[in-house]
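Visitor: run17.txt is reproduced in full below (compact mmCIF, C-alpha atoms).
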```
# COMPACT_ATOMS: atom_id res chain seq x y z
CA MET A 256 0.00 0.00 0.00
CA ILE A 257 2.78 2.38 0.95
CA MET A 258 4.78 1.44 -2.12
CA ALA A 259 1.82 2.05 -4.41
CA GLY A 260 1.29 5.43 -2.82
CA LEU A 261 4.96 6.26 -3.27
CA VAL A 262 4.87 5.33 -6.94
CA VAL A 263 1.85 7.54 -7.53
CA PHE A 264 3.52 10.34 -5.62
CA VAL A 265 6.79 10.10 -7.61
CA LEU A 266 4.86 9.97 -10.88
CA ALA A 267 2.91 13.05 -9.91
CA VAL A 268 5.93 15.00 -8.70
CA LEU A 269 7.87 14.30 -11.85
CA SER A 270 4.90 15.09 -14.09
CA PRO A 271 6.60 18.07 -15.78
CA PHE A 272 9.32 15.74 -17.00
CA TRP A 273 6.81 13.22 -18.32
CA PHE A 274 4.96 16.01 -19.99
CA ASN A 275 8.11 17.16 -21.72
CA LEU A 276 8.95 13.61 -22.78
CA ILE A 277 5.68 13.03 -24.55
CA THR A 278 5.25 16.49 -26.08
CA SER A 279 7.78 17.48 -28.70
CA THR A 280 10.60 19.38 -27.02
CA GLN A 281 11.78 22.27 -29.03
CA ALA A 282 15.43 23.19 -28.91
CA ALA A 283 16.21 26.84 -28.25
CA PRO A 284 16.27 28.79 -31.48
CA LYS A 285 19.67 29.98 -32.57
CA PRO A 286 20.05 33.62 -33.48
CA GLU A 287 20.42 33.72 -37.23
CA LEU A 288 23.24 35.68 -38.72
CA LEU A 289 21.89 37.34 -41.79
CA GLY A 290 22.99 40.11 -44.09
CA LYS A 291 26.19 41.80 -43.11
CA ALA A 292 26.54 39.85 -39.89
CA ALA A 293 26.83 36.60 -41.83
CA THR A 294 30.02 37.72 -43.54
CA ALA A 295 31.53 40.03 -40.93
CA LYS A 296 32.22 37.27 -38.41
CA LYS A 297 33.62 39.73 -35.91
CA CYS A 298 31.34 40.98 -33.22
CA VAL A 299 31.84 43.08 -30.14
CA LEU A 300 32.63 40.07 -27.96
CA ASP A 301 33.10 36.47 -28.93
CA LYS A 302 30.04 34.32 -29.43
CA TYR A 303 29.75 32.73 -25.99
CA GLU A 304 30.48 35.90 -24.09
CA MET A 305 27.94 37.69 -26.23
CA ARG A 306 25.26 35.12 -25.48
CA ALA A 307 25.79 35.36 -21.77
CA GLU A 308 26.74 38.99 -21.34
CA HIS A 309 25.05 41.10 -24.02
CA MET A 310 22.57 42.62 -21.59
CA TYR A 311 25.33 43.78 -19.25
CA LEU A 312 27.29 45.10 -22.19
CA LEU A 313 24.29 47.09 -23.41
CA ASP A 314 23.79 48.47 -19.91
CA VAL A 315 27.38 49.68 -19.77
CA TRP A 316 27.06 51.12 -23.26
CA ARG A 317 23.94 53.05 -22.46
CA ASP A 318 25.52 54.75 -19.45
CA SER A 319 28.68 55.44 -21.37
CA VAL A 320 26.87 57.00 -24.32
CA VAL A 321 24.28 58.99 -22.40
CA ARG A 322 26.34 60.06 -19.41
CA ASN A 323 29.85 60.44 -20.81
CA GLY A 324 29.24 60.95 -24.51
CA GLU A 325 31.63 58.09 -25.24
CA ARG A 326 30.28 56.32 -28.26
CA LYS A 327 33.15 54.34 -29.70
CA TYR A 328 33.95 50.81 -28.62
CA THR A 329 37.18 49.15 -29.63
CA GLY A 330 36.96 45.47 -28.82
CA THR A 331 39.78 43.13 -27.89
CA ASN A 332 39.72 41.93 -31.50
CA GLY A 333 40.69 45.41 -32.66
CA GLN A 334 37.36 46.20 -34.32
CA THR A 335 35.59 49.46 -33.54
CA PHE A 336 31.85 49.75 -33.17
CA ASN A 337 29.36 52.55 -32.89
CA MET A 338 27.79 52.04 -29.46
CA SER A 339 24.22 52.23 -30.62
CA LEU A 340 21.37 49.78 -30.87
CA SER A 341 19.96 50.89 -34.14
CA THR A 342 21.41 54.10 -35.54
CA GLY A 343 23.90 53.87 -38.35
CA GLU A 344 25.83 51.21 -40.21
CA ASN A 345 28.10 50.22 -37.40
CA SER A 346 25.43 49.74 -34.74
CA CYS A 347 23.92 46.46 -33.50
CA LEU A 348 21.05 46.44 -35.98
CA GLY A 349 23.23 48.03 -38.64
CA CYS A 350 24.99 44.69 -38.89
CA HIS A 351 22.40 42.24 -37.55
CA GLU A 352 19.78 43.49 -39.92
CA ASP A 353 16.90 41.25 -39.01
CA LYS A 354 15.67 42.05 -35.51
CA ALA A 355 13.00 39.35 -35.57
CA LYS A 356 15.50 36.58 -36.20
CA PHE A 357 18.35 38.01 -34.18
CA CYS A 358 16.74 39.44 -31.04
CA ASP A 359 13.16 38.33 -30.89
CA SER A 360 13.45 34.61 -31.61
CA CYS A 361 15.54 33.98 -28.47
CA HIS A 362 13.76 36.51 -26.31
CA ASP A 363 10.42 34.96 -27.19
CA TYR A 364 11.71 31.50 -26.46
CA VAL A 365 12.97 32.39 -23.00
CA SER A 366 9.97 34.63 -22.45
CA VAL A 367 11.77 37.85 -21.69
CA SER A 368 10.46 41.11 -23.03
CA PRO A 369 13.11 43.82 -22.82
CA TYR A 370 11.60 47.23 -23.42
CA CYS A 371 14.36 48.50 -25.71
CA TRP A 372 12.02 48.81 -28.66
CA GLU A 373 9.44 50.94 -26.93
CA CYS A 374 11.75 53.82 -27.75
CA HIS A 375 14.52 52.56 -29.99
CA THR A 376 13.42 52.05 -33.54
CA ASN A 377 14.09 49.22 -35.92
CA PRO A 378 15.25 50.86 -39.15
CA LYS A 379 13.40 48.20 -41.15
CA GLU A 380 10.09 48.91 -39.48
CA ILE A 381 9.97 52.64 -39.90
CA LYS A 382 10.71 52.66 -43.61
CA MET B 224 45.49 13.37 21.19
CA MET B 225 46.92 16.77 20.46
CA ILE B 226 46.19 19.33 23.09
CA LYS B 227 45.92 22.86 21.77
CA SER B 228 46.09 25.83 23.95
CA ARG B 229 43.86 28.77 23.20
CA ARG B 230 47.01 30.73 22.40
CA SER B 231 48.25 28.38 19.70
CA PHE B 232 44.76 28.09 18.20
CA LEU B 233 44.47 31.88 17.89
CA LYS B 234 47.91 32.02 16.29
CA VAL B 235 46.97 29.53 13.60
CA ALA B 236 43.62 31.21 13.03
CA GLY B 237 45.32 34.60 12.68
CA ILE B 238 47.83 33.35 10.14
CA ALA B 239 45.04 31.68 8.19
CA ALA B 240 43.05 34.92 8.14
CA ILE B 241 46.05 36.82 6.75
CA GLY B 242 46.51 34.13 4.14
CA MET B 243 42.90 34.42 3.03
CA GLY B 244 43.22 38.16 2.77
CA ALA B 245 46.39 37.87 0.72
CA ALA B 246 44.97 35.43 -1.81
CA PRO B 247 43.00 37.98 -3.88
CA VAL B 248 45.99 40.33 -3.94
CA ILE B 249 48.27 37.59 -5.19
CA ASN B 250 45.70 36.53 -7.76
CA LEU B 251 45.36 40.08 -8.99
CA ALA B 252 49.11 40.45 -9.35
CA ALA B 253 49.30 37.12 -11.15
CA SER B 254 46.53 38.00 -13.60
CA GLU B 255 48.06 41.34 -14.59
CA PRO B 256 49.83 40.22 -17.79
CA HIS B 257 46.62 38.68 -19.18
CA GLY B 258 44.53 41.77 -18.55
CA SER B 259 46.28 43.96 -21.11
CA ALA B 260 43.76 43.38 -23.93
CA GLN B 261 40.81 45.26 -22.51
CA PRO B 262 38.16 46.79 -24.72
CA VAL B 263 38.48 50.56 -25.00
CA ILE B 264 35.51 52.89 -24.79
CA SER B 265 36.21 56.37 -26.09
CA LYS B 266 34.72 59.50 -27.60
CA ASN B 267 34.56 59.85 -31.37
CA GLU B 268 37.60 61.65 -32.78
CA GLU B 269 35.40 64.07 -34.70
CA ALA B 270 33.31 65.01 -31.65
CA LEU B 271 33.00 68.70 -30.80
CA HIS B 272 34.15 69.64 -27.33
CA ALA B 273 33.41 72.54 -25.04
CA LYS B 274 33.82 73.38 -21.40
CA ARG B 275 30.31 74.77 -21.28
CA TRP B 276 28.04 74.71 -24.28
CA GLY B 277 25.92 77.79 -24.79
CA MET B 278 23.70 79.35 -27.40
CA VAL B 279 23.31 82.85 -28.76
CA ILE B 280 20.12 83.75 -30.63
CA ASP B 281 20.27 86.86 -32.78
CA THR B 282 16.73 88.18 -32.68
CA SER B 283 17.36 90.56 -35.57
CA LYS B 284 17.64 87.51 -37.83
CA LEU B 285 14.48 85.90 -36.50
CA ASN B 286 11.20 85.90 -38.33
CA GLU B 287 8.25 83.58 -38.46
CA GLU B 288 9.67 81.58 -41.32
CA VAL B 289 13.01 80.96 -39.64
CA ALA B 290 11.37 80.12 -36.33
CA GLU B 291 9.11 77.59 -37.98
CA ALA B 292 12.00 76.03 -39.93
CA VAL B 293 14.02 75.66 -36.74
CA ARG B 294 11.15 74.11 -34.82
CA GLU B 295 10.39 71.75 -37.67
CA ALA B 296 13.99 70.63 -38.13
CA CYS B 297 14.44 69.93 -34.43
CA HIS B 298 11.13 68.19 -33.87
CA LYS B 299 11.39 66.03 -36.99
CA ALA B 300 14.89 64.85 -36.22
CA HIS B 301 14.13 64.05 -32.59
CA ASN B 302 10.79 62.36 -33.21
CA VAL B 303 8.90 64.87 -31.12
CA PRO B 304 5.24 63.86 -31.21
CA ASP B 305 2.41 66.15 -32.24
CA PHE B 306 -0.55 65.07 -30.14
CA THR B 307 -2.97 67.14 -32.16
CA MET B 308 -2.47 65.16 -35.35
CA THR B 309 -4.70 62.24 -36.25
CA PRO B 310 -2.76 58.96 -36.16
CA ASP B 311 -2.79 56.53 -39.04
CA PRO B 312 -6.08 54.63 -38.48
CA GLU B 313 -4.70 51.42 -39.98
CA LYS B 314 -1.67 51.19 -37.75
CA TYR B 315 -3.24 52.61 -34.63
CA PRO B 316 -6.98 51.97 -34.74
CA GLY B 317 -8.97 53.83 -32.13
CA THR B 318 -6.20 56.26 -31.22
CA ARG B 319 -7.56 59.75 -31.25
CA PRO B 320 -5.72 63.05 -31.15
CA PHE B 321 -5.41 65.09 -27.97
CA ARG B 322 -6.98 68.33 -27.22
CA ASP B 323 -4.54 71.19 -26.91
CA GLY B 324 -2.50 71.69 -23.78
CA GLN B 325 -0.45 68.54 -23.69
CA ASP B 326 1.84 69.34 -26.59
CA ILE B 327 5.52 68.54 -26.53
CA LYS B 328 8.07 71.12 -27.55
CA TRP B 329 11.85 71.13 -27.66
CA ILE B 330 12.25 74.56 -29.26
CA TRP B 331 9.41 76.85 -30.15
CA PRO B 332 8.49 80.44 -30.96
CA GLU B 333 7.26 82.44 -27.98
CA GLN B 334 6.06 86.01 -27.55
CA PHE B 335 8.31 88.45 -25.75
CA HIS B 336 6.03 89.05 -22.79
CA TYR B 337 5.83 85.30 -22.10
CA ALA B 338 9.51 84.65 -22.68
CA PHE B 339 10.69 87.66 -20.64
CA PRO B 340 7.90 88.49 -18.19
CA ASP B 341 10.34 90.44 -16.00
CA LYS B 342 11.49 92.65 -18.85
CA GLU B 343 8.15 93.85 -20.10
CA ASP B 344 8.31 97.60 -20.16
CA GLU B 345 5.35 99.91 -20.26
CA PHE B 346 6.45 101.21 -23.62
CA LEU B 347 8.15 98.26 -25.23
CA ALA B 348 9.76 98.70 -28.63
CA GLU B 349 7.14 97.92 -31.24
CA LYS B 350 9.07 95.14 -32.98
CA PHE B 351 9.24 92.99 -29.85
CA HIS B 352 5.48 92.65 -29.75
CA HIS B 353 5.49 90.51 -32.88
CA LEU B 354 8.89 88.88 -32.86
CA PRO B 355 8.82 85.07 -32.54
CA PHE B 356 11.45 84.61 -29.84
CA LEU B 357 12.76 81.09 -30.05
CA VAL B 358 12.87 79.53 -26.61
CA THR B 359 14.21 76.18 -25.55
CA CYS B 360 15.96 74.51 -22.64
CA ASN B 361 18.45 77.01 -21.26
CA HIS B 362 20.96 74.38 -20.16
CA CYS B 363 21.35 76.37 -16.96
CA LYS B 364 24.58 76.42 -15.05
CA ASN B 365 22.58 75.92 -11.83
CA ALA B 366 19.84 73.82 -13.29
CA PRO B 367 16.89 73.43 -10.89
CA CYS B 368 15.61 70.40 -12.80
CA VAL B 369 18.82 68.53 -12.09
CA GLN B 370 18.44 69.20 -8.38
CA ALA B 371 14.80 68.14 -8.44
CA CYS B 372 15.23 64.86 -10.28
CA PRO B 373 15.06 62.02 -7.74
CA THR B 374 16.56 59.38 -10.05
CA GLN B 375 19.33 61.42 -11.68
CA ALA B 376 17.62 60.86 -15.00
CA THR B 377 18.25 64.55 -15.61
CA PHE B 378 21.85 65.43 -15.04
CA LYS B 379 24.44 68.00 -15.96
CA ARG B 380 27.04 66.66 -18.30
CA GLU B 381 30.70 67.66 -17.99
CA ASP B 382 30.35 70.01 -20.94
CA GLY B 383 27.43 71.91 -19.46
CA ILE B 384 24.60 70.25 -21.34
CA VAL B 385 21.61 69.46 -19.14
CA LEU B 386 20.78 66.05 -20.45
CA MET B 387 18.11 63.45 -19.86
CA ASP B 388 18.60 59.75 -19.59
CA PHE B 389 15.18 58.66 -20.79
CA HIS B 390 15.89 55.14 -19.54
CA ARG B 391 15.89 56.36 -15.98
CA CYS B 392 12.99 58.79 -16.06
CA ILE B 393 10.16 57.56 -13.85
CA GLY B 394 7.77 60.30 -14.91
CA CYS B 395 7.44 62.01 -11.53
CA ARG B 396 7.49 65.45 -13.22
CA PHE B 397 9.36 67.16 -10.38
CA CYS B 398 11.65 68.61 -13.05
CA MET B 399 8.70 70.17 -14.82
CA ALA B 400 7.66 71.87 -11.62
CA ALA B 401 11.23 72.99 -11.00
CA CYS B 402 11.97 74.40 -14.46
CA PRO B 403 11.07 78.10 -14.53
CA TYR B 404 11.08 78.16 -18.33
CA GLY B 405 8.49 75.50 -19.17
CA SER B 406 11.10 73.73 -21.24
CA ARG B 407 9.97 70.28 -20.23
CA ASN B 408 6.99 68.29 -21.39
CA PHE B 409 5.46 65.03 -20.36
CA ASN B 410 4.31 62.17 -22.55
CA PHE B 411 0.86 61.51 -21.17
CA ARG B 412 0.35 58.86 -23.81
CA ASP B 413 2.47 56.68 -26.05
CA PRO B 414 3.97 59.23 -28.44
CA ARG B 415 4.61 56.80 -31.29
CA PRO B 416 1.24 57.06 -33.06
CA PHE B 417 1.65 60.84 -33.13
CA ILE B 418 4.95 60.91 -34.95
CA GLU B 419 4.25 61.53 -38.58
CA GLU B 420 7.51 60.18 -39.91
CA THR B 421 9.91 58.46 -37.56
CA ALA B 422 13.47 59.65 -38.01
CA PRO B 423 15.93 56.75 -37.80
CA GLY B 424 18.71 58.75 -36.15
CA PHE B 425 17.10 59.22 -32.75
CA PRO B 426 14.88 57.05 -30.57
CA THR B 427 11.31 57.95 -29.75
CA ARG B 428 10.15 58.20 -26.17
CA SER B 429 7.72 55.99 -24.30
CA LYS B 430 4.64 56.85 -22.32
CA GLY B 431 5.30 58.40 -18.92
CA VAL B 432 8.60 60.07 -19.74
CA VAL B 433 9.54 63.73 -19.66
CA GLU B 434 11.50 65.17 -22.56
CA LYS B 435 13.28 68.34 -23.57
CA CYS B 436 16.01 69.78 -25.77
CA ASN B 437 19.31 67.91 -25.55
CA LEU B 438 21.33 70.50 -27.46
CA CYS B 439 21.75 67.78 -30.09
CA ALA B 440 24.28 65.90 -27.96
CA GLU B 441 24.04 63.07 -30.49
CA ARG B 442 25.13 65.43 -33.27
CA LEU B 443 27.90 67.14 -31.33
CA ALA B 444 29.31 63.65 -30.72
CA LYS B 445 29.59 63.22 -34.47
CA GLY B 446 31.18 66.61 -35.01
CA GLU B 447 28.03 68.22 -36.38
CA GLN B 448 26.27 71.40 -35.32
CA PRO B 449 22.78 71.14 -33.77
CA HIS B 450 19.77 71.00 -36.08
CA CYS B 451 18.51 74.40 -34.96
CA VAL B 452 21.81 76.04 -35.89
CA GLU B 453 21.70 74.54 -39.36
CA ALA B 454 18.09 75.52 -39.97
CA SER B 455 18.35 79.02 -38.50
CA LYS B 456 20.18 80.79 -41.34
CA GLY B 457 22.70 82.24 -38.94
CA ALA B 458 20.28 83.34 -36.25
CA ILE B 459 21.47 80.70 -33.78
CA VAL B 460 25.08 80.11 -32.81
CA VAL B 461 26.15 77.34 -30.48
CA GLY B 462 29.59 77.30 -28.97
CA ASP B 463 31.82 77.23 -25.91
CA LEU B 464 30.94 79.88 -23.35
CA GLU B 465 34.14 79.30 -21.40
CA ASP B 466 36.45 79.78 -24.36
CA PRO B 467 37.21 83.51 -24.81
CA GLU B 468 38.26 82.89 -28.42
CA SER B 469 35.05 81.19 -29.48
CA LYS B 470 32.63 82.70 -31.97
CA ILE B 471 29.89 82.78 -29.39
CA ARG B 472 32.02 84.78 -26.96
CA GLY B 473 32.86 87.17 -29.79
CA LEU B 474 29.16 87.78 -30.33
CA LEU B 475 28.60 88.30 -26.60
CA LYS B 476 31.45 90.81 -26.51
CA GLU B 477 30.04 92.83 -29.37
CA HIS B 478 26.33 92.84 -28.58
CA TYR B 479 24.06 93.57 -25.69
CA THR B 480 22.28 90.36 -24.74
CA ILE B 481 19.52 89.34 -22.38
CA ARG B 482 18.71 86.05 -20.74
CA ARG B 483 15.43 84.64 -19.52
CA LYS B 484 14.52 85.13 -15.86
CA GLN B 485 18.10 85.84 -14.94
CA GLU B 486 17.12 87.01 -11.47
CA LEU B 487 16.31 83.44 -10.44
CA GLY B 488 20.01 82.62 -10.40
CA THR B 489 19.81 79.61 -12.67
CA GLU B 490 22.45 81.14 -14.98
CA PRO B 491 20.88 80.23 -18.33
CA SER B 492 23.28 79.44 -21.16
CA VAL B 493 21.00 80.81 -23.88
CA TYR B 494 21.60 84.48 -24.72
CA TYR B 495 19.42 86.72 -26.86
CA ILE B 496 20.86 89.56 -28.88
CA VAL B 497 18.22 92.31 -28.91
```
For the file at hand, write its structure as C-alpha cells.
Guide:
Amino acid sequence: MIMAGLVVFVLAVLSPFWFNLITSTQAAPKPELLGKAATAKKCVLDKYEMRAEHMYLLDVWRDSVVRNGERKYTGTNGQTFNMSLSTGENSCLGCHEDKAKFCDSCHDYVSVSPYCWECHTNPKEIK
Amino acid sequence: MMIKSRRSFLKVAGIAAIGMGAAPVINLAASEPHGSAQPVISKNEEALHAKRWGMVIDTSKLNEEVAEAVREACHKAHNVPDFTMTPDPEKYPGTRPFRDGQDIKWIWPEQFHYAFPDKEDEFLAEKFHHLPFLVTCNHCKNAPCVQACPTQATFKREDGIVLMDFHRCIGCRFCMAACPYGSRNFNFRDPRPFIEETAPGFPTRSKGVVEKCNLCAERLAKGEQPHCVEASKGAIVVGDLEDPESKIRGLLKEHYTIRRKQELGTEPSVYYIV
C-alpha cells in the first residue's frame, strides 16, 4: 500500500518531466546571422560571451553614451563599433539586420520582453 | 590526542586569516599580464568639445519663417510627437488626437512678454510685440531640474549640457515643476502614433517620460552642429561659453544680450541679442 502510494507520488511530482517527454521538445532557437553579420564574423565580444553577457554590455554602453558621450567601442579583436542599438551602419542592428530573427526569436523562447524597442526604432520597421 | 592551547589556536587562526586576505591580492598580481587586452571605450575623434556649451540667438535675424524652420527641423529629427495630429487609423486603430494643452516642444516660438515676463516695459519697442522669440531649454549652469530629479535621469554633463537619460525617467514630473522656463513636457500617452515620420537617427520616447532639448548631444558627438543652428540661417550660434576665443564669446562681446529670468540665479546658457 505504501509502495503504491509512493509510486503515484513520484509519478505526480515528476509530471513536468513526463509532460516534456511526450510532447515534442523544441530546442532553443539559434540567433540567425543574416545580411552583413553573416560575412563580418567579428562581433563586439566572442560568441559565448555575447550570449551570456550582451545585456550587461548594453547596460554599460547606455551609461557610457548617455552620461559620458563616449560612443566608440574598440573590442579586444581590434574592431571598432558605434555604441548604438539601431542608428547607423556600425550599430547592432546596422549589422544584424533582421531584428526578428536576431533578437526576438531567443527573447520569445525564453519569455523575456526587454523594453528596448518601446523607444529605440528598428530601421526596417519605420521605412 | 593533540592538546591545543587557546594561544596556539588563535595564532593559527590569525595566520590563516592573513593568508585568506592575501589570496586575492596575489591573484590580482598574477593575472596582470593577461589583462592587457581590454576593450576601450572612447569618444569619437570628430566630436565637438566645449567646457560649457551655450547658445546665442540673434533676434534681428528671426522671423516667423526661420522660427518655424528651426522648430520643424528639431522636432522632426528628434521624433517629437504632435498630439494634435490624427494617427494613421490602420496602424493605430482607435487612437484619437489630444486636445490642446499637452503638446511637446523642444524649441518653439514664444512672444516676448511670455519669454521675458520680467522685462516687459510699459512702452516696449514695437518690434518685440510681434517677434517670434525662439525659446528652448536654457541648459542652466545651476539647473533646478537637475536638483529636483530624484533618479538622476536629468543630469548635468561635464560640458554643461543638461541632459536626460530617458531610460531612468520615472515620470514624476518634479523637473517640470522645477523648471522656470516651461522647457519640459510630459508624454501623457504613447507618443509613437503621433509621430508623422519616424526619423531613424534618434529614438522615440515611451509613455510616462519627460522630454526636452538635448542641445543635439548626439550630433555634437559626431562633429556636427545642432539642427537648430543649421536651420536658422545664422540666427542661432552654439559654442563654448568658457572659451574667450570662441565665436559665441565674440558675439557676446560685441552685442548687448539678455537672458530669460536671470534674477532666479539659474544662470541660463542661452543668450538673446536684442
Visitor: Figure out the distance between atom CA of A:Val365 and atom CA of A:Pro378, please, to one decimal in Å.
Guide: 24.6 Å
Visitor: Name the closest residue to B:Pro316 among the candidates B:Pro416, B:Pro332, B:Pro355, B:Pro304; distances are taken between atoms, counting only C-alpha atoms.
Guide: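 Nearest candidate to B:Pro316 out of B:Pro416, B:Pro332, B:Pro355, B:Pro304: B:Pro416.
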Visitor: I need the chain A residues near chain B as a PDB file with C-alpha atoms, in the coordinates of the input; criterion: at most 7 Å, counting all atoms listed in the file.
Guide:
```
ATOM      1  CA  VAL A 321      24.280  58.990 -22.400  1.00  0.00           C
ATOM      2  CA  ARG A 322      26.340  60.060 -19.410  1.00  0.00           C
ATOM      3  CA  GLY A 324      29.240  60.950 -24.510  1.00  0.00           C
ATOM      4  CA  GLU A 325      31.630  58.090 -25.240  1.00  0.00           C
ATOM      5  CA  ARG A 326      30.280  56.320 -28.260  1.00  0.00           C
ATOM      6  CA  LYS A 327      33.150  54.340 -29.700  1.00  0.00           C
ATOM      7  CA  TYR A 328      33.950  50.810 -28.620  1.00  0.00           C
ATOM      8  CA  THR A 329      37.180  49.150 -29.630  1.00  0.00           C
ATOM      9  CA  GLY A 330      36.960  45.470 -28.820  1.00  0.00           C
ATOM     10  CA  THR A 331      39.780  43.130 -27.890  1.00  0.00           C
ATOM     11  CA  THR A 342      21.410  54.100 -35.540  1.00  0.00           C
ATOM     12  CA  GLU A 373       9.440  50.940 -26.930  1.00  0.00           C
ATOM     13  CA  CYS A 374      11.750  53.820 -27.750  1.00  0.00           C
ATOM     14  CA  HIS A 375      14.520  52.560 -29.990  1.00  0.00           C
ATOM     15  CA  THR A 376      13.420  52.050 -33.540  1.00  0.00           C
ATOM     16  CA  PRO A 378      15.250  50.860 -39.150  1.00  0.00           C
ATOM     17  CA  ILE A 381       9.970  52.640 -39.900  1.00  0.00           C
TER      18      ILE A 381
END
```
Visitor: Within 7 Å of stretch 346-360 of chain A, counting all atoms listed in the file, which residues qualify if same-chain residues fewer than 2 places away don't, as a list in words?
Guide: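 These residues fall inside the cut-off: Pro284, Pro286, Glu287, Leu288, Leu289, Gly290, Lys291, Ala292, Phe336, Asn337, Met338, Ser339, Leu340, Ser341, Thr342, Gly343, Glu344, His362, Asp363 and Tyr364 of chain A.
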Visitor: Show me, as a list in words, the residues that have an atom within 10 Å of stretch 302-314 of chain A when counting only C-alpha atoms, minus same-chain residues fewer than 2 positions from it.
Guide: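 Selected residues are Pro286, Lys296, Lys297, Cys298, Val299, Leu300, Trp316, Arg317, Asp318, Ser319, Met338, Ser339, Leu340 and Pro369 of chain A.
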